[in-house]
Each structure stands twice: as C-alpha cells, then as structure tokens.
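Asker: I have a structure I would like to understand better, so I am pasting it below and will then ask my questions one at a time.
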Amino acid sequence: MIDVRLKTDQELVALSLKDDKYFEFIIERYEQKLSRYVLRIYSLCKESVEDVLQEVFIKLYQNLNDFDDQYSFSSWIYRITHNVLISHLRKMDQKHVLVSIDNDDSARKLVDSLPADVDLEEEFERKDLVVNLEKALGKIPDKYREVLVLYYFEEKSYKEISDILRRSLGSVSVLMNRAKAKLKTELMSFNQ
Amino acid sequence: MSDITSKILKKIKAQEIEKIPRWRFVLKRVFIWGALVVAILLAAFAISMMMMQMMDVEWDLLPKVSPMPVFGFFKLIPYFWLVVAGVLFSFVYFDFKNIKGGYRYAGVLIIAVSLLISLLVGACIYFLKTPEYAENLFRRVPMYRELHMGREMMWNAPTSGVLAGTVLDMDEEKMLILRDFGEDVWVVDISRADVQSGAKIMVGMEIRVVGKEIEPGKFFADAIRVPRGGPRFR
C-alpha cells in the first residue's frame, strides 16, 4: 500500500492521472490551506467558501493533464484559486470587504514591514492591531490585499507569487511596495 | 475523508466530469506558439515594407519639395505599415504572456526581443526584394493606392523642379508623355536625362523627374529616378 502522506505533490498528480482515487489526497492536502487563503482575501460565509473550493478542485481535476512538473504544484493550485476568487469578487462588486486574519505573528510581521514614521505596532493595542489590520486590508484594492496575504500569511516567495499572479518578479515587487504604502495610509487614518 | 472532499468527489462522479485530454493542451500550446511565429513574421514583413518605403525617399530632393523638411519628413513616414506593425507587436506581447512562463518576462523585454527578431528577418526580406513585389500587388487595392498617391504627391512639385507620375507614352528615349499624380499631363524632354541605375523606362512605369518646367505642360529632365515597388511594365 502506498503511503500517500510521503508523496510529493508532483507524485500525487502523477498517481491521480493514473487512478482517480488518489485525487482525494490532493483535496485533503490543500483543502484547509486554500480555505484559509480564501478567507484572508475575502471573508465569505462557510457555504461560499465551500462553493469556491468545489469549483477550484473541479477545475483542478479537469486540468490535471495540463500540469507541468517543472512548475510548483502549490503555485498552480493557488493560481486556480486566484482565478475562481476573482470571478467571485467580480460578481459581488463591493467596495469594502471583510477580511479574516487568523495569525497574529504574520499580522505583526506585516505591520513591522510597513514604511512608517511611527511604530504602528506601538500605536495600536495588541488586540486592536489585528482588528485594524483586517479593516485596512478590507479597504485596499483586491490586487494589493492579495499580494500581501500571499507573502505574509501564505508565506509564498516572490517567485511563487509571480507564478500565482502571472506577473514578472519586477512587477510583483512594485505591487508589493504599492500595497504596503496603501495599507500604511489606511492604518494611519484609523489612528487620526 | 472530510465533508468537502466527499462532496467534491461525489459531484465529479454524479456530473461525470472528466479530465481534459492532454492532446488538447498540447494543441492549445502549438496554436499559441504558431500564432506568435506568424505574428513575428508578419511584423518582419511590415518592417521590410517600411524599410523599402523609407529607402525610396529622395532625401536630397526633400528641401526642394518641402520648405520645412521636418514637415516633409512627417508626410513620408509609412504610417500604414507602422500601424500594422504596432498591432502585430501588441498581439505578440499578449500572446507571449499566454505562453507557459511567459508572464515571467518584462513587457519591455518581450517587445525589444520581438522587435529585434523582426528587424533581422525584415532586413532579410528587404534584401530579397520581396517588398517591391508586394508593394506592386498592394497598389492594386484602391485604399492602399490612395495612401501611396498621397506620399507620391510629395514628389510632384513642377515649380520646384520635381515631377512625379506615370509614363503614358515614349518617343525613342528622347521625349515622354507623363501623367502626374495631380492628373496633369506633361511632355518631358529626356534627351539629356541621367536615368537612375541605368533602369529602362517603359510605358506604365511610375517615375520621378528632376529638372525644370519650361512652360505649362512642358518639362526638361536632368535626371529620372525610378521608385521601387511600382509597375515595371504593362
């Protein structure tokens, strides 16, 4: 019996292409990660998150033959999720969205990285920091929120973000700087 | 097995969702690459046409026919082929972004490399004289011919000593009848004219004549130049 927990993503894809029963293990490996990612980008209700995940995994299943093992499977599945999410966000058409931050350490890391004249972390109470960050992230455009979430919360490298967002490394870097500046402006406005 | 996993697997089974076969992805990639190659070749052709049209400009006569040579130069820019090349390079840019890993390259780099390839291929096409034959064919299309006439009108300034038009008739290389691009008919004395590169002047050819207007309808030619791409004979 094959121990699928020891298999790499690439090996699981290869096995799933031969036998559908292995696809189940891909879903189980990524279900929680993608669910958190979706909620960090857009705080949807449980049913909507399920809908998004269903669409993501069905698209993944249909396109398994398109997977190129020269690329990271993780970036690929995040890319599919990004596309599905974008079409969901377009349908919802809301100016301010709710974002769910579930990791205080990542939140502090993000706030520390912002170019600010004042120590933002000191400006907010520990509890307020996460609440204000959620509000600020919800106010900035989707493209900026996503790049920050991918880097600070999903812990993706610039190269992986480049593969997920289909942008050059230079463009990711520009997007990141702009996203930080936008986020800082929003955070400072709460403090005034 | 989690709840969502079981729902997804059930949905795949119930709706008989299938994996898209590999050959369809391969075909899509071949199509995207093929379109890229075709677009670059067409852009190279457009560049070769621009090369021919710009090499065909009588730079030494420009100050004669245009008091402000800069404005004259702007009239001579091959806008049609410039637009065609622009559209093709835009296509190349977006098509390349759809190639696997294409997004990793900066837009400036994609345009610069495709421009360089097109310039090299375009230069080869130019030296093979393909643009001259193509120009001859394109001029049969009324809209293209109008654009061509607009450019050629630049060289039709008899009072400034330059005449451009089509040869209607010839008399033993001493005299020819020419209808200029303003539809006026001229008798041109070519007895002492230098013909560019020893080209043989024939009825139906488009030529440019340098000399002076003797009287209305009569012109004395010092030199005859044969623009490329025009009909060589009829």
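Residue numbers start at 1 in each chain; chains themselves are named A, B, ... in the order of the structure tokens; ligands are numbered from 1 in the order shown.
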Only residues of chain A matter here; which ones have an atom within 9 Å of chain B, counting only C-alpha atoms? Give them as a PyMOL selection string.

Answerer: chain A and resi 17+23-25+27-28+31+50+53-55+57-58+60-66+159+162-163+166-171

Asker: Generate the output file for the selected residues, C-alpha atoms, as a short mmCIF file (atom, residue, chain, number, x, y, z; two decimals), in the first residue's frame.

Answerer:
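The resulting file, result_15.cif, is reproduced below:
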data_model
loop_
_atom_site.label_atom_id
_atom_site.label_comp_id
_atom_site.auth_asym_id
_atom_site.auth_seq_id
_atom_site.Cartn_x
_atom_site.Cartn_y
_atom_site.Cartn_z
CA LEU A 17 -3.70 10.85 -13.55
CA PHE A 23 -7.26 12.80 -6.24
CA GLU A 24 -8.91 12.62 -2.83
CA PHE A 25 -5.49 13.06 -1.18
CA ILE A 27 -8.04 17.70 -1.95
CA GLU A 28 -7.28 16.77 1.64
CA GLU A 31 -8.46 21.99 1.46
CA GLU A 50 -17.23 25.60 0.05
CA LEU A 53 -13.27 25.25 -3.08
CA GLN A 54 -15.54 22.92 -5.01
CA GLU A 55 -15.03 24.98 -8.16
CA PHE A 57 -10.90 21.32 -7.12
CA ILE A 58 -13.18 20.51 -10.04
CA LEU A 60 -8.02 21.22 -10.95
CA TYR A 61 -9.37 17.77 -11.72
CA GLN A 62 -10.35 18.74 -15.26
CA ASN A 63 -6.97 20.35 -15.94
CA LEU A 64 -4.72 17.76 -14.30
CA ASN A 65 -3.22 16.85 -17.68
CA ASP A 66 -2.06 20.45 -18.08
CA LYS A 159 8.83 33.74 -7.40
CA SER A 162 4.91 35.70 -9.67
CA ASP A 163 3.61 32.27 -10.77
CA ARG A 166 1.19 35.64 -13.55
CA ARG A 167 3.31 38.74 -13.25
CA SER A 168 7.04 39.27 -13.65
CA LEU A 169 9.19 39.41 -10.50
CA GLY A 170 9.73 43.14 -11.04
CA SER A 171 6.01 43.72 -11.27
#

Asker: May I have the residues within 9 Å of Tyr37 (chain A) as a PyMOL selection string, using only C-alpha atoms and disregarding those fewer than 2 positions away in the same chain?

Answerer: chain A and resi 32-35+39-42+78+81+149-150+153-154

Asker: I need the chosen residues saved as a PDB file, in the first residue's frame, with N, CA, C and O atoms.

Answerer:
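Done, and the output landed in part06.pdb:
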ATOM      1  N   GLN A  32      -7.651  22.785   3.618  1.00  0.00           N
ATOM      2  CA  GLN A  32      -7.524  23.746   4.730  1.00  0.00           C
ATOM      3  C   GLN A  32      -6.729  24.990   4.320  1.00  0.00           C
ATOM      4  O   GLN A  32      -7.129  26.112   4.609  1.00  0.00           O
ATOM      5  N   LYS A  33      -5.611  24.744   3.627  1.00  0.00           N
ATOM      6  CA  LYS A  33      -4.740  25.862   3.200  1.00  0.00           C
ATOM      7  C   LYS A  33      -5.527  26.843   2.330  1.00  0.00           C
ATOM      8  O   LYS A  33      -5.482  28.047   2.530  1.00  0.00           O
ATOM      9  N   LEU A  34      -6.248  26.277   1.340  1.00  0.00           N
ATOM     10  CA  LEU A  34      -6.966  27.143   0.402  1.00  0.00           C
ATOM     11  C   LEU A  34      -8.153  27.829   1.072  1.00  0.00           C
ATOM     12  O   LEU A  34      -8.471  28.976   0.746  1.00  0.00           O
ATOM     13  N   SER A  35      -8.775  27.130   1.999  1.00  0.00           N
ATOM     14  CA  SER A  35      -9.897  27.709   2.725  1.00  0.00           C
ATOM     15  C   SER A  35      -9.418  28.943   3.509  1.00  0.00           C
ATOM     16  O   SER A  35     -10.057  29.994   3.492  1.00  0.00           O
ATOM     17  N   LEU A  39     -10.389  32.992   2.879  1.00  0.00           N
ATOM     18  CA  LEU A  39     -10.910  33.846   3.959  1.00  0.00           C
ATOM     19  C   LEU A  39     -10.021  35.058   4.216  1.00  0.00           C
ATOM     20  O   LEU A  39     -10.495  36.106   4.633  1.00  0.00           O
ATOM     21  N   ARG A  40      -8.733  34.897   3.961  1.00  0.00           N
ATOM     22  CA  ARG A  40      -7.825  36.030   4.165  1.00  0.00           C
ATOM     23  C   ARG A  40      -7.975  37.077   3.058  1.00  0.00           C
ATOM     24  O   ARG A  40      -7.678  38.246   3.254  1.00  0.00           O
ATOM     25  N   ILE A  41      -8.403  36.599   1.897  1.00  0.00           N
ATOM     26  CA  ILE A  41      -8.602  37.534   0.787  1.00  0.00           C
ATOM     27  C   ILE A  41      -9.993  38.161   0.873  1.00  0.00           C
ATOM     28  O   ILE A  41     -10.185  39.331   0.596  1.00  0.00           O
ATOM     29  N   TYR A  42     -10.953  37.332   1.250  1.00  0.00           N
ATOM     30  CA  TYR A  42     -12.341  37.776   1.239  1.00  0.00           C
ATOM     31  C   TYR A  42     -13.109  36.909   2.232  1.00  0.00           C
ATOM     32  O   TYR A  42     -13.237  35.699   2.041  1.00  0.00           O
ATOM     33  N   TYR A  78      -2.865  27.488  -6.301  1.00  0.00           N
ATOM     34  CA  TYR A  78      -3.177  28.846  -5.820  1.00  0.00           C
ATOM     35  C   TYR A  78      -3.611  29.728  -6.991  1.00  0.00           C
ATOM     36  O   TYR A  78      -4.461  30.591  -6.840  1.00  0.00           O
ATOM     37  N   THR A  81      -7.144  28.957  -7.701  1.00  0.00           N
ATOM     38  CA  THR A  81      -7.966  29.562  -6.646  1.00  0.00           C
ATOM     39  C   THR A  81      -8.088  31.072  -6.878  1.00  0.00           C
ATOM     40  O   THR A  81      -9.176  31.643  -6.736  1.00  0.00           O
ATOM     41  N   VAL A 149      -1.291  39.195   1.397  1.00  0.00           N
ATOM     42  CA  VAL A 149      -1.725  37.927   2.021  1.00  0.00           C
ATOM     43  C   VAL A 149      -0.817  36.783   1.574  1.00  0.00           C
ATOM     44  O   VAL A 149      -0.374  35.974   2.391  1.00  0.00           O
ATOM     45  N   LEU A 150      -0.516  36.760   0.284  1.00  0.00           N
ATOM     46  CA  LEU A 150       0.328  35.671  -0.232  1.00  0.00           C
ATOM     47  C   LEU A 150       1.707  35.687   0.413  1.00  0.00           C
ATOM     48  O   LEU A 150       2.253  34.648   0.769  1.00  0.00           O
ATOM     49  N   PHE A 153       1.033  35.968   4.889  1.00  0.00           N
ATOM     50  CA  PHE A 153       0.200  34.962   5.570  1.00  0.00           C
ATOM     51  C   PHE A 153       0.349  33.576   4.953  1.00  0.00           C
ATOM     52  O   PHE A 153       0.350  32.580   5.656  1.00  0.00           O
ATOM     53  N   GLU A 154       0.459  33.540   3.616  1.00  0.00           N
ATOM     54  CA  GLU A 154       0.637  32.232   2.963  1.00  0.00           C
ATOM     55  C   GLU A 154       2.126  31.878   2.859  1.00  0.00           C
ATOM     56  O   GLU A 154       2.470  30.774   2.429  1.00  0.00           O
TER      57      GLU A 154
END

Asker: Using only C-alpha atoms, find the one residue out of A:Asp3, A:Glu11, A:Glu134, A:Glu186 that sits nearest to Ser72 (chain A).

Answerer: A:Glu11

Asker: What parts of region 3-229 of chain B does DSSP call strand (DSSP E)? I'd like the answer as a count of residues only.

Answerer: 41

Asker: If we count only C-alpha atoms, what is near Ala193 (chain B) at a cut-off of 7 Å, once residues fewer than 2 positions away on the same chain are taken out, given as a VMD selection string?

Answerer: chain B and resid 190 to 191 195 221 to 224

Asker: Residues near region 133-150 of chain B, anyone? I mean within 10 Å using only C-alpha atoms, not counting same-chain ones fewer than 3 positions away, as a PyMOL selection string.

Answerer: chain B and resi 45+49+52-53+75-76+78-80+129-130+153-155+165+181-182+228-232

Asker: Would you pick out the contacts of Ala14 (chain A) at 12 Å or less, using only C-alpha atoms, so that residues sharing its chain but fewer than 2 positions from it are not included, and give the list as a ChimeraX atom specification?

Answerer: /A:4,7-12,16-23,26,64-69,73

Asker: Go ahead and dump the residues you just picked, C-alpha atoms, as a CSV table (one decimal), in the first residue's frame.

Answerer:
chain,number,residue,atom,x,y,z
A,4,VAL,CA,0.4,9.0,0.2
A,7,LYS,CA,4.4,11.5,-1.7
A,8,THR,CA,5.2,14.9,-3.1
A,9,ASP,CA,2.5,17.0,-4.9
A,10,GLN,CA,4.0,16.1,-8.3
A,11,GLU,CA,3.9,12.3,-7.4
A,12,LEU,CA,0.3,12.7,-6.2
A,16,SER,CA,-4.2,10.8,-9.8
A,17,LEU,CA,-3.7,10.9,-13.5
A,18,LYS,CA,-3.5,7.1,-13.5
A,19,ASP,CA,-6.1,6.4,-10.8
A,20,ASP,CA,-8.8,8.9,-9.7
A,21,LYS,CA,-8.8,7.6,-6.1
A,22,TYR,CA,-5.6,9.5,-5.4
A,23,PHE,CA,-7.3,12.8,-6.2
A,26,ILE,CA,-4.8,16.2,-3.2
A,64,LEU,CA,-4.7,17.8,-14.3
A,65,ASN,CA,-3.2,16.9,-17.7
A,66,ASP,CA,-2.1,20.4,-18.1
A,67,PHE,CA,0.2,20.3,-15.0
A,68,ASP,CA,3.8,20.8,-15.9
A,69,ASP,CA,6.0,19.3,-13.2
A,73,PHE,CA,2.0,22.4,-7.9

Asker: Residues within 12 Å of Ala136 (chain A), please, as JSON, numbers by chain. Count only C-alpha atoms; anything in the same chain fewer than 5 positions from it doesn't count.

Answerer: {"A": [96, 97, 98, 99, 100, 101, 107, 111, 128, 129, 130, 131, 141, 142, 144, 145, 148, 179, 180, 181, 182, 183, 184, 185, 186, 187, 188, 189, 190, 191]}

Asker: Would you save the residues from that selection as a compact mmCIF listing (two decimals), in the first residue's frame, using N, CA, C and O atoms?

Answerer:
# COMPACT_ATOMS: atom_id res chain seq x y z
N HIS A 96 -15.87 47.76 0.03
CA HIS A 96 -15.09 47.33 1.18
C HIS A 96 -15.44 45.89 1.51
O HIS A 96 -16.61 45.52 1.56
N VAL A 97 -14.42 45.10 1.73
CA VAL A 97 -14.69 43.70 2.01
C VAL A 97 -14.22 43.35 3.42
O VAL A 97 -13.39 44.05 4.00
N LEU A 98 -14.76 42.27 3.93
CA LEU A 98 -14.34 41.80 5.25
C LEU A 98 -13.21 40.80 5.05
O LEU A 98 -13.27 39.95 4.16
N VAL A 99 -12.20 40.92 5.89
CA VAL A 99 -11.05 40.04 5.78
C VAL A 99 -10.84 39.37 7.13
O VAL A 99 -11.05 40.00 8.16
N SER A 100 -10.46 38.12 7.09
CA SER A 100 -10.26 37.42 8.36
C SER A 100 -8.79 37.08 8.56
O SER A 100 -8.21 36.30 7.80
N ILE A 101 -8.17 37.74 9.56
CA ILE A 101 -6.76 37.49 9.86
C ILE A 101 -6.70 36.53 11.05
O ILE A 101 -7.22 36.82 12.12
N ALA A 107 0.51 39.01 11.15
CA ALA A 107 -0.02 40.38 11.17
C ALA A 107 1.05 41.35 11.65
O ALA A 107 1.27 42.41 11.06
N VAL A 111 2.87 44.43 9.64
CA VAL A 111 2.85 45.81 10.12
C VAL A 111 4.28 46.33 10.32
O VAL A 111 4.59 47.47 9.99
N ASP A 128 -6.17 45.53 19.06
CA ASP A 128 -6.59 46.47 18.03
C ASP A 128 -5.82 46.29 16.73
O ASP A 128 -6.33 46.57 15.65
N LEU A 129 -4.56 45.88 16.89
CA LEU A 129 -3.71 45.76 15.72
C LEU A 129 -4.34 44.84 14.68
O LEU A 129 -4.46 45.20 13.50
N VAL A 130 -4.78 43.66 15.12
CA VAL A 130 -5.37 42.69 14.19
C VAL A 130 -6.69 43.23 13.63
O VAL A 130 -6.94 43.17 12.42
N VAL A 131 -7.50 43.83 14.50
CA VAL A 131 -8.80 44.36 14.05
C VAL A 131 -8.59 45.46 13.02
O VAL A 131 -9.22 45.48 11.95
N PRO A 141 -7.43 47.90 -2.50
CA PRO A 141 -7.86 47.10 -3.67
C PRO A 141 -7.42 45.62 -3.58
O PRO A 141 -6.38 45.32 -2.97
N ASP A 142 -8.24 44.77 -4.19
CA ASP A 142 -8.01 43.31 -4.12
C ASP A 142 -6.57 42.91 -4.49
O ASP A 142 -5.97 42.06 -3.86
N TYR A 144 -3.81 44.48 -4.23
CA TYR A 144 -2.82 44.79 -3.19
C TYR A 144 -3.00 43.85 -1.99
O TYR A 144 -2.04 43.37 -1.41
N ARG A 145 -4.28 43.62 -1.63
CA ARG A 145 -4.54 42.74 -0.49
C ARG A 145 -3.97 41.35 -0.77
O ARG A 145 -3.33 40.73 0.07
N LEU A 148 -0.16 40.96 -0.44
CA LEU A 148 0.26 41.00 0.97
C LEU A 148 -0.09 39.68 1.67
O LEU A 148 0.73 39.13 2.43
N ALA A 179 1.32 48.14 -2.36
CA ALA A 179 0.35 47.56 -1.41
C ALA A 179 0.69 48.00 0.01
O ALA A 179 -0.19 48.39 0.77
N LYS A 180 1.99 48.00 0.34
CA LYS A 180 2.40 48.40 1.69
C LYS A 180 2.07 49.88 1.92
O LYS A 180 1.60 50.25 3.00
N ALA A 181 2.33 50.70 0.92
CA ALA A 181 2.06 52.13 1.05
C ALA A 181 0.56 52.37 1.25
O ALA A 181 0.15 53.17 2.10
N LYS A 182 -0.27 51.65 0.50
CA LYS A 182 -1.74 51.79 0.63
C LYS A 182 -2.19 51.36 2.01
O LYS A 182 -3.01 52.02 2.64
N LEU A 183 -1.64 50.22 2.44
CA LEU A 183 -2.04 49.67 3.74
C LEU A 183 -1.64 50.63 4.87
O LEU A 183 -2.41 50.87 5.80
N LYS A 184 -0.46 51.20 4.73
CA LYS A 184 0.02 52.14 5.75
C LYS A 184 -0.91 53.35 5.82
O LYS A 184 -1.32 53.77 6.91
N THR A 185 -1.29 53.87 4.67
CA THR A 185 -2.20 55.03 4.63
C THR A 185 -3.51 54.71 5.35
O THR A 185 -4.01 55.51 6.13
N GLU A 186 -4.04 53.52 5.07
CA GLU A 186 -5.31 53.12 5.70
C GLU A 186 -5.14 52.99 7.21
O GLU A 186 -5.97 53.47 7.98
N LEU A 187 -4.04 52.35 7.62
CA LEU A 187 -3.81 52.15 9.05
C LEU A 187 -3.64 53.48 9.78
O LEU A 187 -4.17 53.68 10.87
N MET A 188 -2.90 54.40 9.17
CA MET A 188 -2.66 55.71 9.79
C MET A 188 -3.98 56.47 9.93
O MET A 188 -4.16 57.20 10.89
N SER A 189 -4.87 56.28 8.94
CA SER A 189 -6.14 57.01 9.00
C SER A 189 -6.98 56.57 10.20
O SER A 189 -7.75 57.34 10.75
N PHE A 190 -6.82 55.32 10.64
CA PHE A 190 -7.58 54.84 11.82
C PHE A 190 -7.07 55.50 13.09
O PHE A 190 -7.76 55.62 14.06
N ASN A 191 -5.80 55.88 13.04
CA ASN A 191 -5.16 56.41 14.24
C ASN A 191 -5.39 57.91 14.42
O ASN A 191 -4.99 58.48 15.42

Asker: Find the residues around Thr166 (chain B) up to 8 Å (only C-alpha atoms counted), leave out those fewer than 5 positions away in its own chain, and share them as a list in words.

Answerer: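 Returned residues: Leu178, Arg179, Asp180, Phe181, Val203, Gly204, Met205, Glu206 and Ile207 of chain B.
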
Asker: Please write the residues from the selection above to a file, keeping all heavy atoms, as a PDB file, in the first residue's frame.

Answerer:
ATOM      1  N   LEU B 178       3.902  62.154 -69.668  1.00  0.00           N
ATOM      2  CA  LEU B 178       3.764  61.722 -68.282  1.00  0.00           C
ATOM      3  C   LEU B 178       2.488  62.325 -67.666  1.00  0.00           C
ATOM      4  O   LEU B 178       2.223  63.513 -67.834  1.00  0.00           O
ATOM      5  CB  LEU B 178       4.995  62.183 -67.493  1.00  0.00           C
ATOM      6  CG  LEU B 178       5.049  61.794 -66.027  1.00  0.00           C
ATOM      7  CD1 LEU B 178       6.298  60.956 -65.778  1.00  0.00           C
ATOM      8  CD2 LEU B 178       5.123  63.021 -65.149  1.00  0.00           C
ATOM      9  N   ARG B 179       1.708  61.441 -67.007  1.00  0.00           N
ATOM     10  CA  ARG B 179       0.550  61.971 -66.267  1.00  0.00           C
ATOM     11  C   ARG B 179       0.965  62.027 -64.804  1.00  0.00           C
ATOM     12  O   ARG B 179       1.275  60.990 -64.202  1.00  0.00           O
ATOM     13  CB  ARG B 179      -0.682  61.077 -66.439  1.00  0.00           C
ATOM     14  CG  ARG B 179      -1.922  61.718 -65.776  1.00  0.00           C
ATOM     15  CD  ARG B 179      -3.192  60.948 -65.983  1.00  0.00           C
ATOM     16  NE  ARG B 179      -3.028  59.593 -65.464  1.00  0.00           N
ATOM     17  CZ  ARG B 179      -3.418  58.498 -66.120  1.00  0.00           C
ATOM     18  NH1 ARG B 179      -3.997  58.596 -67.289  1.00  0.00           N
ATOM     19  NH2 ARG B 179      -3.238  57.315 -65.574  1.00  0.00           N
ATOM     20  N   ASP B 180       0.992  63.284 -64.260  1.00  0.00           N
ATOM     21  CA  ASP B 180       1.477  63.397 -62.875  1.00  0.00           C
ATOM     22  C   ASP B 180       0.379  62.990 -61.896  1.00  0.00           C
ATOM     23  O   ASP B 180      -0.753  62.707 -62.290  1.00  0.00           O
ATOM     24  CB  ASP B 180       2.031  64.809 -62.593  1.00  0.00           C
ATOM     25  CG  ASP B 180       0.956  65.879 -62.521  1.00  0.00           C
ATOM     26  OD1 ASP B 180      -0.244  65.534 -62.384  1.00  0.00           O
ATOM     27  OD2 ASP B 180       1.311  67.073 -62.595  1.00  0.00           O
ATOM     28  N   PHE B 181       0.725  62.933 -60.598  1.00  0.00           N
ATOM     29  CA  PHE B 181      -0.230  62.456 -59.598  1.00  0.00           C
ATOM     30  C   PHE B 181      -1.343  63.466 -59.317  1.00  0.00           C
ATOM     31  O   PHE B 181      -2.269  63.170 -58.576  1.00  0.00           O
ATOM     32  CB  PHE B 181       0.506  62.031 -58.320  1.00  0.00           C
ATOM     33  CG  PHE B 181       1.320  60.780 -58.523  1.00  0.00           C
ATOM     34  CD1 PHE B 181       2.701  60.804 -58.426  1.00  0.00           C
ATOM     35  CD2 PHE B 181       0.691  59.589 -58.847  1.00  0.00           C
ATOM     36  CE1 PHE B 181       3.441  59.649 -58.640  1.00  0.00           C
ATOM     37  CE2 PHE B 181       1.425  58.428 -59.060  1.00  0.00           C
ATOM     38  CZ  PHE B 181       2.814  58.462 -58.962  1.00  0.00           C
ATOM     39  N   VAL B 203       6.567  52.313 -70.752  1.00  0.00           N
ATOM     40  CA  VAL B 203       5.202  52.821 -70.585  1.00  0.00           C
ATOM     41  C   VAL B 203       4.547  52.103 -69.403  1.00  0.00           C
ATOM     42  O   VAL B 203       4.688  50.891 -69.243  1.00  0.00           O
ATOM     43  CB  VAL B 203       4.390  52.602 -71.897  1.00  0.00           C
ATOM     44  CG1 VAL B 203       2.907  52.940 -71.692  1.00  0.00           C
ATOM     45  CG2 VAL B 203       4.974  53.442 -73.015  1.00  0.00           C
ATOM     46  N   GLY B 204       3.860  52.893 -68.569  1.00  0.00           N
ATOM     47  CA  GLY B 204       3.179  52.306 -67.407  1.00  0.00           C
ATOM     48  C   GLY B 204       3.978  52.439 -66.129  1.00  0.00           C
ATOM     49  O   GLY B 204       3.465  52.236 -65.032  1.00  0.00           O
ATOM     50  N   MET B 205       5.260  52.787 -66.268  1.00  0.00           N
ATOM     51  CA  MET B 205       6.137  52.921 -65.082  1.00  0.00           C
ATOM     52  C   MET B 205       5.817  54.191 -64.322  1.00  0.00           C
ATOM     53  O   MET B 205       5.426  55.190 -64.906  1.00  0.00           O
ATOM     54  CB  MET B 205       7.578  53.034 -65.563  1.00  0.00           C
ATOM     55  CG  MET B 205       8.427  51.865 -65.285  1.00  0.00           C
ATOM     56  SD  MET B 205      10.077  52.301 -65.856  1.00  0.00           S
ATOM     57  CE  MET B 205      10.962  50.918 -65.256  1.00  0.00           C
ATOM     58  N   GLU B 206       6.004  54.134 -63.015  1.00  0.00           N
ATOM     59  CA  GLU B 206       5.918  55.351 -62.207  1.00  0.00           C
ATOM     60  C   GLU B 206       7.335  55.876 -62.046  1.00  0.00           C
ATOM     61  O   GLU B 206       8.238  55.129 -61.665  1.00  0.00           O
ATOM     62  CB  GLU B 206       5.302  55.048 -60.849  1.00  0.00           C
ATOM     63  CG  GLU B 206       3.793  54.917 -60.922  1.00  0.00           C
ATOM     64  CD  GLU B 206       3.154  54.588 -59.588  1.00  0.00           C
ATOM     65  OE1 GLU B 206       3.844  54.689 -58.555  1.00  0.00           O
ATOM     66  OE2 GLU B 206       1.970  54.226 -59.598  1.00  0.00           O
ATOM     67  N   ILE B 207       7.534  57.153 -62.374  1.00  0.00           N
ATOM     68  CA  ILE B 207       8.887  57.731 -62.274  1.00  0.00           C
ATOM     69  C   ILE B 207       8.855  59.085 -61.561  1.00  0.00           C
ATOM     70  O   ILE B 207       7.790  59.681 -61.394  1.00  0.00           O
ATOM     71  CB  ILE B 207       9.546  57.899 -63.667  1.00  0.00           C
ATOM     72  CG1 ILE B 207       8.670  58.789 -64.577  1.00  0.00           C
ATOM     73  CG2 ILE B 207       9.818  56.560 -64.319  1.00  0.00           C
ATOM     74  CD1 ILE B 207       9.394  59.222 -65.861  1.00  0.00           C
TER      75      ILE B 207
END

Asker: For a quick check of understanding, using only C-alpha atoms, which of B:Ala35, B:Met175, B:Val226, B:Val209 has the smallest distance to Ile99 (chain B)?

Answerer: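 Checking each candidate against Ile99 (chain B), we get B:Ala35 as the closest.
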
Asker: Mind pulling up the distance from CA of Thr159 (chain B) to CA of Glu213 (chain B)?

Answerer: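 It comes out at 6.4 Å.
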
Asker: Please indicate the distance in Å from CA of Val162 (chain B) to CA of Met54 (chain B), rounded to one decimal place.

Answerer: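 Result for CA of Val162 (chain B) versus CA of Met54 (chain B): 18.5 Å, one decimal.
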